[in-house]
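Structure first, then comments.
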Amino acid sequence: MKKLNTLIICILTLPVLLFSFKPIKGDGDDPSKLLYSEQAMKRLKKEIELKNESFDPNAASKTLFTVPQGVAAYLEVEGINVARIKKLIDGNAGWKTVAALLKEKEKVDTAYFIKAKTARGVSFYPLEMGRDRLSTVETKDPENYTRNLSGKWVYTHFPKTSYSEESICALFIRKELKPQPLPLAAVTCIRYTDHLIDTNTTIFTKVATNNTRLFSYGVNPIIGKLIKLTHNFPGKPEWKNDTSQSSIEQYYKDFNAWEEARTRYVDDTLSKTEEFRTLLNAAYKEVSEKDTVRHSSMNELESYVEKYISPSAALALKRKRIVIGGCSMDNAPIIHAANIARLAGETCCMEIFLRSHLNILNDRFSRVSDGSYAEPGRRTYARELELLGTRLEYLIPGTLIVAKNLSNDHYQGDVQRAGRAMAELESRMKVYETIEHLINTETLDLLNRVRFVFLAQHYNHYLLENKHTQEARQNLKRLSEALKSFPGYIRQPLTASIASMEKV
């Protein structure tokens, strides 16, 4: 048999991965097309209504401060000129002196940056505004996080090796900005997010966090006996050495028909036998009591636990393991998160439900390899949150705002996925009004304002893709006007990017 390529292998595993839960449902308000059952939606909606009623947008709260940020000049040089540049930097030469020795492609006269603590010290991240990626500058001195470095250099130097030239990446800090309190509009969004999603609760247990992320893979005799019993059903199709489209489609058709018949047999007949019950209870007991139990069919085992023991028991098992994807086409992480969200919804475990659902919305999963070609097929399921009455005009920006002293485990979203989710909403204009307001709030720091400009660009890109052309163009026109209050070095590349979108 020929060796199948990675894509074919991923495709062939999908029927197995989809065994216990199929998150691919259509959009709309029809309960049969939603991610959760009608009963779960009713219970969750009531819980969110209570959360909304107890939230006061104007209540006093702790002051949240901007992350360390400022304005700098940037350079990145490789080759024989590095030693000379480094000597000048070590001597604290001015930017003009150093810049005179650089080629245009090696320097950026004005760049915005932020600072962040790392395990190795402090990293300086220049914001990317319409040019090639600017590299991060890593420093080992932890005091650089609070130190005002205005007029100073920070740099990362890489000595020459047998496979690379000597290089240096540096920032000349023109001005560090003093941390400022976030305005009320931003704080309200953050407060609502933390009000809805308990920051003391995590999706996965400590056991799952401490164990290998490939928790599902392993061999267990008891689980193996149970799976062998449930798969002892005639008619299972065999994969033939033929990767043509017609053969793959036929394999899918035959496998799904067999799977449906096998599932009915388990539900109607096998589940009522003593042999099945004995093996299921033994497997459940072992997995519950021993944190290190692993098996490739954990998802299937958990589906039996849900059906024949209890949904809360199945949820507890799923929270003990973290799943990563084998490739871009592997939906296992999404299926696992959707299962957790669904079971949490069924059992009204609100904090776990929201975190897991937002992980699906933001595509916050690990994969061995990932390609952008797979992204369009990954649904956000934002409509479910909208139907539940979630105040998305607070929640979406609340997961995206960056602040220095956010609560531990405050949920952080993804700008691109949030833009796509917004475009799928019935109430998208209401949510977008909040985004526009934050962009126009000049007391909000530039980092967050720029992040919301990026969000607006992604949102309007998806509107254009979905043929909401007039709405998107009106939004982009207002966005161009809002950018007039931004500094020129930030405004110009962003305006150029928006202009190219308007031509679509």
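Order determines the names: the first chain of the structure tokens is A, the second B, and so forth; residues in each chain are numbered 1 upward, and ligands are numbered 1 upward as they are shown.
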Once you count only C-alpha atoms, what closest atom pair and distance in Å to one decimal does each residue of stretch 277-347 of chain A within 10 Å of stretch 192-211 of chain A have, with rows by chain and rising residue number, as CSV?
residue,atom,partner,partner_atom,distance
A:Asp291,CA,A:Val207,CA,6.7
A:Thr292,CA,A:Asn211,CA,8.0
A:Ala316,CA,A:Thr205,CA,8.9
A:Leu317,CA,A:Thr205,CA,9.7
A:Lys318,CA,A:Phe204,CA,8.2
A:Arg319,CA,A:Phe204,CA,4.6
A:Lys320,CA,A:Ala208,CA,4.7
A:Arg321,CA,A:Ala208,CA,4.8
A:Ile322,CA,A:Ala208,CA,6.1
A:Val323,CA,A:Ala208,CA,9.7
A:Ala337,CA,A:Ile203,CA,9.3
A:Ile340,CA,A:Ile203,CA,8.4
A:Ala341,CA,A:Ile203,CA,9.4
A:Ala344,CA,A:Ile203,CA,9.9
Selection from above, N, CA and C atoms, as a CSV table (one decimal), in the first residue's frame, can you write it?
chain,number,residue,atom,x,y,z
A,291,ASP,N,-5.3,9.2,36.9
A,291,ASP,CA,-5.1,10.4,36.0
A,291,ASP,C,-4.3,10.1,34.8
A,292,THR,N,-3.6,9.0,34.8
A,292,THR,CA,-2.7,8.7,33.6
A,292,THR,C,-3.3,7.7,32.6
A,316,ALA,N,-16.7,15.8,33.4
A,316,ALA,CA,-15.5,15.6,34.3
A,316,ALA,C,-14.3,14.9,33.6
A,317,LEU,N,-14.6,13.9,32.8
A,317,LEU,CA,-13.6,13.2,32.1
A,317,LEU,C,-13.0,14.0,31.0
A,318,LYS,N,-13.8,14.8,30.3
A,318,LYS,CA,-13.2,15.6,29.2
A,318,LYS,C,-12.4,16.7,29.7
A,319,ARG,N,-12.6,17.2,30.9
A,319,ARG,CA,-11.8,18.3,31.5
A,319,ARG,C,-10.5,17.8,31.9
A,320,LYS,N,-10.3,16.5,32.0
A,320,LYS,CA,-9.0,15.9,32.4
A,320,LYS,C,-8.0,15.7,31.3
A,321,ARG,N,-8.4,16.1,30.0
A,321,ARG,CA,-7.5,15.9,28.9
A,321,ARG,C,-7.5,17.0,28.0
A,322,ILE,N,-6.4,17.4,27.4
A,322,ILE,CA,-6.2,18.4,26.4
A,322,ILE,C,-5.9,17.8,25.1
A,323,VAL,N,-6.6,18.2,24.1
A,323,VAL,CA,-6.4,17.6,22.8
A,323,VAL,C,-5.7,18.6,21.8
A,337,ALA,N,-13.5,20.7,22.3
A,337,ALA,CA,-14.0,21.9,23.0
A,337,ALA,C,-15.5,22.0,22.9
A,340,ILE,N,-17.1,19.8,25.4
A,340,ILE,CA,-17.1,20.4,26.7
A,340,ILE,C,-18.1,21.5,26.8
A,341,ALA,N,-18.2,22.3,25.8
A,341,ALA,CA,-19.1,23.4,25.9
A,341,ALA,C,-20.6,22.9,25.9
A,344,ALA,N,-21.2,21.3,29.3
A,344,ALA,CA,-21.3,22.3,30.3
A,344,ALA,C,-22.6,23.0,30.2
Any chance you could tabulate, as CSV, the residues of stretch 39-81 of chain A at most 10 Å from stretch 101-114 of chain A with each one's nearest atom pair and distance in Å to one decimal, using only C-alpha atoms, in chain and rising number order?
residue,atom,partner,partner_atom,distance
A:Thr66,CA,A:Ile114,CA,9.9
A:Val67,CA,A:Ile114,CA,7.0
A:Pro68,CA,A:Ile114,CA,5.7
A:Gln69,CA,A:Ile114,CA,4.1
A:Gly70,CA,A:Phe113,CA,5.5
A:Val71,CA,A:Tyr112,CA,4.7
A:Ala72,CA,A:Ala111,CA,5.3
A:Ala73,CA,A:Asp109,CA,4.7
A:Tyr74,CA,A:Val108,CA,5.0
A:Leu75,CA,A:Lys107,CA,4.3
A:Glu76,CA,A:Glu106,CA,5.3
A:Val77,CA,A:Glu106,CA,5.9
A:Glu78,CA,A:Glu106,CA,8.9
A:Asn81,CA,A:Leu101,CA,8.6
Exercise: A:Thr156 partners within 12 Å, only C-alpha atoms, chain neighbours under 2 positions left out, as a compact mmCIF listing (two decimals) with C-alpha atoms, in the first residue's frame:
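As written to disk, selection04.txt reads:
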# COMPACT_ATOMS: atom_id res chain seq x y z
CA TYR A 74 13.97 50.56 14.79
CA LEU A 75 16.84 48.88 12.99
CA GLU A 76 17.71 45.38 11.88
CA VAL A 77 21.12 44.78 10.34
CA GLU A 78 23.01 41.68 9.22
CA VAL A 82 26.95 44.92 12.58
CA LYS A 86 26.82 47.68 17.88
CA ILE A 89 24.84 51.63 20.24
CA ASP A 90 26.96 50.52 23.20
CA VAL A 122 11.64 41.81 29.03
CA SER A 123 10.59 41.79 25.38
CA PHE A 124 9.99 44.87 23.24
CA SER A 135 11.43 41.54 14.97
CA THR A 136 11.06 41.47 18.75
CA VAL A 137 13.93 42.82 20.84
CA GLU A 138 14.70 40.55 23.80
CA THR A 139 16.49 41.87 26.89
CA LYS A 140 17.54 39.95 30.02
CA TRP A 153 18.95 51.74 23.24
CA VAL A 154 17.79 48.17 23.69
CA PHE A 158 23.34 37.42 17.35
CA PRO A 159 27.03 36.48 16.84
CA GLU A 166 26.24 38.29 12.60
CA SER A 167 23.10 40.39 13.12
CA ILE A 168 21.54 42.93 15.45
CA CYS A 169 17.98 44.08 16.07
CA ALA A 170 17.58 47.28 18.08
CA LEU A 171 15.19 49.97 19.27
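Nearest-residue note for A:His461: choosing from A:Pro221, A:Gly419, A:Pro183, A:Gly94, the minimum distance belongs to A:Gly419, counting only C-alpha atoms.
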Task: Nearest residue to A:Glu471 from the set A:Ile435, A:Met429, A:Leu270, A:Ala382 (distances using only C-alpha atoms) - done: A:Met429
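Between A:Leu400 and the candidates A:Ile190, A:Leu464, A:Leu279, A:Leu127, the tightest atom-to-atom separation, counting only C-alpha atoms, involves A:Ile190.
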Open item on the list: Quick one: residues within 10 Å of A:Asn339, only C-alpha atoms, excluding same-chain residues fewer than 3 positions away - as a PyMOL selection string?
Closed with: chain A and resi 20-23+35-36+299+302-303+314-315+318+333-336+342-345+353+356-357
Those residues with N, CA and C atoms, as a compact mmCIF listing (two decimals), in the first residue's frame please?
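The result, stored in out-v5.txt:
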# COMPACT_ATOMS: atom_id res chain seq x y z
N SER A 20 -18.68 10.91 18.27
CA SER A 20 -19.58 11.22 19.37
C SER A 20 -20.18 12.61 19.30
N PHE A 21 -19.70 13.43 18.39
CA PHE A 21 -20.23 14.79 18.33
C PHE A 21 -19.89 15.41 16.99
N LYS A 22 -20.86 16.02 16.36
CA LYS A 22 -20.64 16.63 15.05
C LYS A 22 -20.96 18.11 15.14
N PRO A 23 -19.94 18.97 15.32
CA PRO A 23 -20.20 20.40 15.49
C PRO A 23 -20.54 21.13 14.20
N LEU A 35 -25.64 24.62 17.95
CA LEU A 35 -24.62 23.77 18.56
C LEU A 35 -25.16 23.03 19.78
N TYR A 36 -26.15 23.60 20.45
CA TYR A 36 -26.67 23.04 21.69
C TYR A 36 -28.14 22.66 21.54
N ASN A 299 -12.62 9.64 23.32
CA ASN A 299 -13.81 10.38 22.92
C ASN A 299 -15.02 9.46 22.85
N GLU A 302 -16.11 8.41 26.37
CA GLU A 302 -16.83 9.50 27.03
C GLU A 302 -18.25 9.64 26.52
N SER A 303 -18.47 9.30 25.24
CA SER A 303 -19.83 9.37 24.70
C SER A 303 -20.72 8.32 25.37
N ALA A 314 -19.34 12.62 32.14
CA ALA A 314 -18.61 12.77 30.88
C ALA A 314 -17.85 14.09 30.84
N LEU A 315 -18.47 15.16 31.34
CA LEU A 315 -17.81 16.47 31.37
C LEU A 315 -16.56 16.41 32.24
N LYS A 318 -13.77 14.76 30.28
CA LYS A 318 -13.23 15.58 29.19
C LYS A 318 -12.36 16.71 29.70
N PRO A 333 -9.43 19.00 18.13
CA PRO A 333 -9.49 20.00 19.20
C PRO A 333 -10.83 20.73 19.24
N ILE A 334 -11.39 21.04 18.07
CA ILE A 334 -12.67 21.74 18.01
C ILE A 334 -13.78 20.84 18.54
N ILE A 335 -13.75 19.57 18.14
CA ILE A 335 -14.77 18.63 18.60
C ILE A 335 -14.69 18.47 20.12
N HIS A 336 -13.48 18.40 20.66
CA HIS A 336 -13.32 18.25 22.10
C HIS A 336 -13.86 19.48 22.83
N ARG A 342 -20.84 21.88 25.08
CA ARG A 342 -22.18 21.29 25.02
C ARG A 342 -22.57 20.66 26.35
N LEU A 343 -21.65 19.87 26.92
CA LEU A 343 -21.94 19.21 28.20
C LEU A 343 -22.06 20.23 29.33
N ALA A 344 -21.22 21.25 29.31
CA ALA A 344 -21.32 22.31 30.31
C ALA A 344 -22.65 23.04 30.17
N GLY A 345 -23.07 23.24 28.91
CA GLY A 345 -24.37 23.85 28.67
C GLY A 345 -25.50 22.98 29.17
N PHE A 353 -18.70 26.51 30.27
CA PHE A 353 -19.39 26.65 28.98
C PHE A 353 -18.85 27.84 28.20
N SER A 356 -15.11 27.53 27.04
CA SER A 356 -14.92 26.55 25.98
C SER A 356 -15.55 27.03 24.68
N HIS A 357 -16.72 27.66 24.75
CA HIS A 357 -17.35 28.18 23.54
C HIS A 357 -16.49 29.29 22.92
- [ ] Show which residues sit within 9 Å of A:Glu502, as a count of residues only. Count only C-alpha atoms, and ignore same-chain residues fewer than 6 positions away.
- [x] 4
Open item on the list: Please identify the strand (DSSP E or B) residues within stretch 24-198 of chain A (assignment by DSSP from backbone atoms) and present them as a PyMOL selection string.
Closed with: chain A and resi 65+69-78+107-118+121-126+137-139+153-158+167-177+181
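Rounded to one decimal, atom CA of A:Ala338 and atom CA of A:Gly398 lie 22.2 Å from each other.
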- [ ] Might you pull out every residue within 12 Å of A:Leu463, with only C-alpha atoms counted and same-chain residues fewer than 5 positions away left off, and present them as a list in words?
- [x] Gly419, Arg420, Ala421, Met422, Ala423, Glu424, Leu425, Arg428, Met429, Tyr432, Ala456, Gln457, His458, His468, Thr469, Gln470, Glu471, Ala472, Arg473, Gln474, Asn475, Leu476, Met501, Glu502 and Val504 of chain A
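The environment of stretch 141-144 of chain A within 8 Å, counting only C-alpha atoms and disregarding residues fewer than 3 places along the same chain, consists of Lys117, Gly121, Val122, Arg147, Asn148 and Leu149 of chain A.
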Selection from above, all heavy atoms, as a PDB file, in the first residue's frame, can you write it?
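Written file, result-v7.pdb:
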ATOM      1  N   LYS A 117       6.753  41.358  30.130  1.00  0.00           N
ATOM      2  CA  LYS A 117       7.622  40.487  30.924  1.00  0.00           C
ATOM      3  C   LYS A 117       7.658  39.094  30.300  1.00  0.00           C
ATOM      4  O   LYS A 117       6.653  38.599  29.806  1.00  0.00           O
ATOM      5  CB  LYS A 117       7.103  40.376  32.352  1.00  0.00           C
ATOM      6  CG  LYS A 117       7.203  41.658  33.158  1.00  0.00           C
ATOM      7  CD  LYS A 117       6.657  41.440  34.565  1.00  0.00           C
ATOM      8  CE  LYS A 117       6.736  42.721  35.398  1.00  0.00           C
ATOM      9  NZ  LYS A 117       6.167  42.524  36.763  1.00  0.00           N
ATOM     10  N   GLY A 121      13.293  37.745  30.740  1.00  0.00           N
ATOM     11  CA  GLY A 121      13.542  39.155  31.000  1.00  0.00           C
ATOM     12  C   GLY A 121      12.382  40.011  30.528  1.00  0.00           C
ATOM     13  O   GLY A 121      11.251  39.869  30.985  1.00  0.00           O
ATOM     14  N   VAL A 122      12.669  40.905  29.562  1.00  0.00           N
ATOM     15  CA  VAL A 122      11.643  41.807  29.027  1.00  0.00           C
ATOM     16  C   VAL A 122      11.759  41.841  27.513  1.00  0.00           C
ATOM     17  O   VAL A 122      12.855  41.963  26.961  1.00  0.00           O
ATOM     18  CB  VAL A 122      11.796  43.240  29.587  1.00  0.00           C
ATOM     19  CG1 VAL A 122      10.747  44.177  28.994  1.00  0.00           C
ATOM     20  CG2 VAL A 122      11.692  43.231  31.110  1.00  0.00           C
ATOM     21  N   ARG A 147      11.513  50.445  34.116  1.00  0.00           N
ATOM     22  CA  ARG A 147      12.493  51.520  33.914  1.00  0.00           C
ATOM     23  C   ARG A 147      12.098  52.403  32.736  1.00  0.00           C
ATOM     24  O   ARG A 147      11.686  51.911  31.689  1.00  0.00           O
ATOM     25  CB  ARG A 147      13.859  50.903  33.681  1.00  0.00           C
ATOM     26  CG  ARG A 147      15.002  51.897  33.557  1.00  0.00           C
ATOM     27  CD  ARG A 147      16.295  51.135  33.337  1.00  0.00           C
ATOM     28  NE  ARG A 147      16.708  50.393  34.525  1.00  0.00           N
ATOM     29  CZ  ARG A 147      17.258  49.192  34.511  1.00  0.00           C
ATOM     30  NH1 ARG A 147      17.453  48.558  33.357  1.00  0.00           N
ATOM     31  NH2 ARG A 147      17.614  48.598  35.638  1.00  0.00           N
ATOM     32  N   ASN A 148      12.225  53.708  32.890  1.00  0.00           N
ATOM     33  CA  ASN A 148      11.996  54.642  31.783  1.00  0.00           C
ATOM     34  C   ASN A 148      13.262  54.699  30.938  1.00  0.00           C
ATOM     35  O   ASN A 148      14.292  55.196  31.374  1.00  0.00           O
ATOM     36  CB  ASN A 148      11.648  56.040  32.312  1.00  0.00           C
ATOM     37  CG  ASN A 148      11.221  56.986  31.189  1.00  0.00           C
ATOM     38  OD1 ASN A 148      11.647  56.859  30.046  1.00  0.00           O
ATOM     39  ND2 ASN A 148      10.368  57.940  31.531  1.00  0.00           N
ATOM     40  N   LEU A 149      13.174  54.190  29.717  1.00  0.00           N
ATOM     41  CA  LEU A 149      14.347  54.075  28.846  1.00  0.00           C
ATOM     42  C   LEU A 149      14.387  55.152  27.767  1.00  0.00           C
ATOM     43  O   LEU A 149      15.105  54.999  26.776  1.00  0.00           O
ATOM     44  CB  LEU A 149      14.356  52.688  28.198  1.00  0.00           C
ATOM     45  CG  LEU A 149      14.488  51.516  29.181  1.00  0.00           C
ATOM     46  CD1 LEU A 149      14.265  50.193  28.460  1.00  0.00           C
ATOM     47  CD2 LEU A 149      15.852  51.527  29.845  1.00  0.00           C
TER      48      LEU A 149
END
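Atom CA of A:Leu483 is positioned 22.0 Å from atom CA of A:Pro181.
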Open item on the list: Taking only stretch 293-354 of chain A into account, list the residues labelled alpha helix (DSSP H) by DSSP (computed from the backbone), as number ranges by chain.
Closed with: A: 298-308, 311-318, 332-346, 350-354
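Atom pair atom CA of A:Pro493 / atom CA of A:Ala116 has a distance of 24.7 Å (rounded to one decimal).
Nearest residue to A:Gln412 among A:Lys51, A:Arg120, A:Arg355, A:His231 is A:Arg355, counting only C-alpha atoms.
You can rank A:Val187, A:Ala313, A:Asn232, A:Asn52 by their closest distance to A:Lys285 using only C-alpha atoms, and at the top of that list sits A:Ala313.
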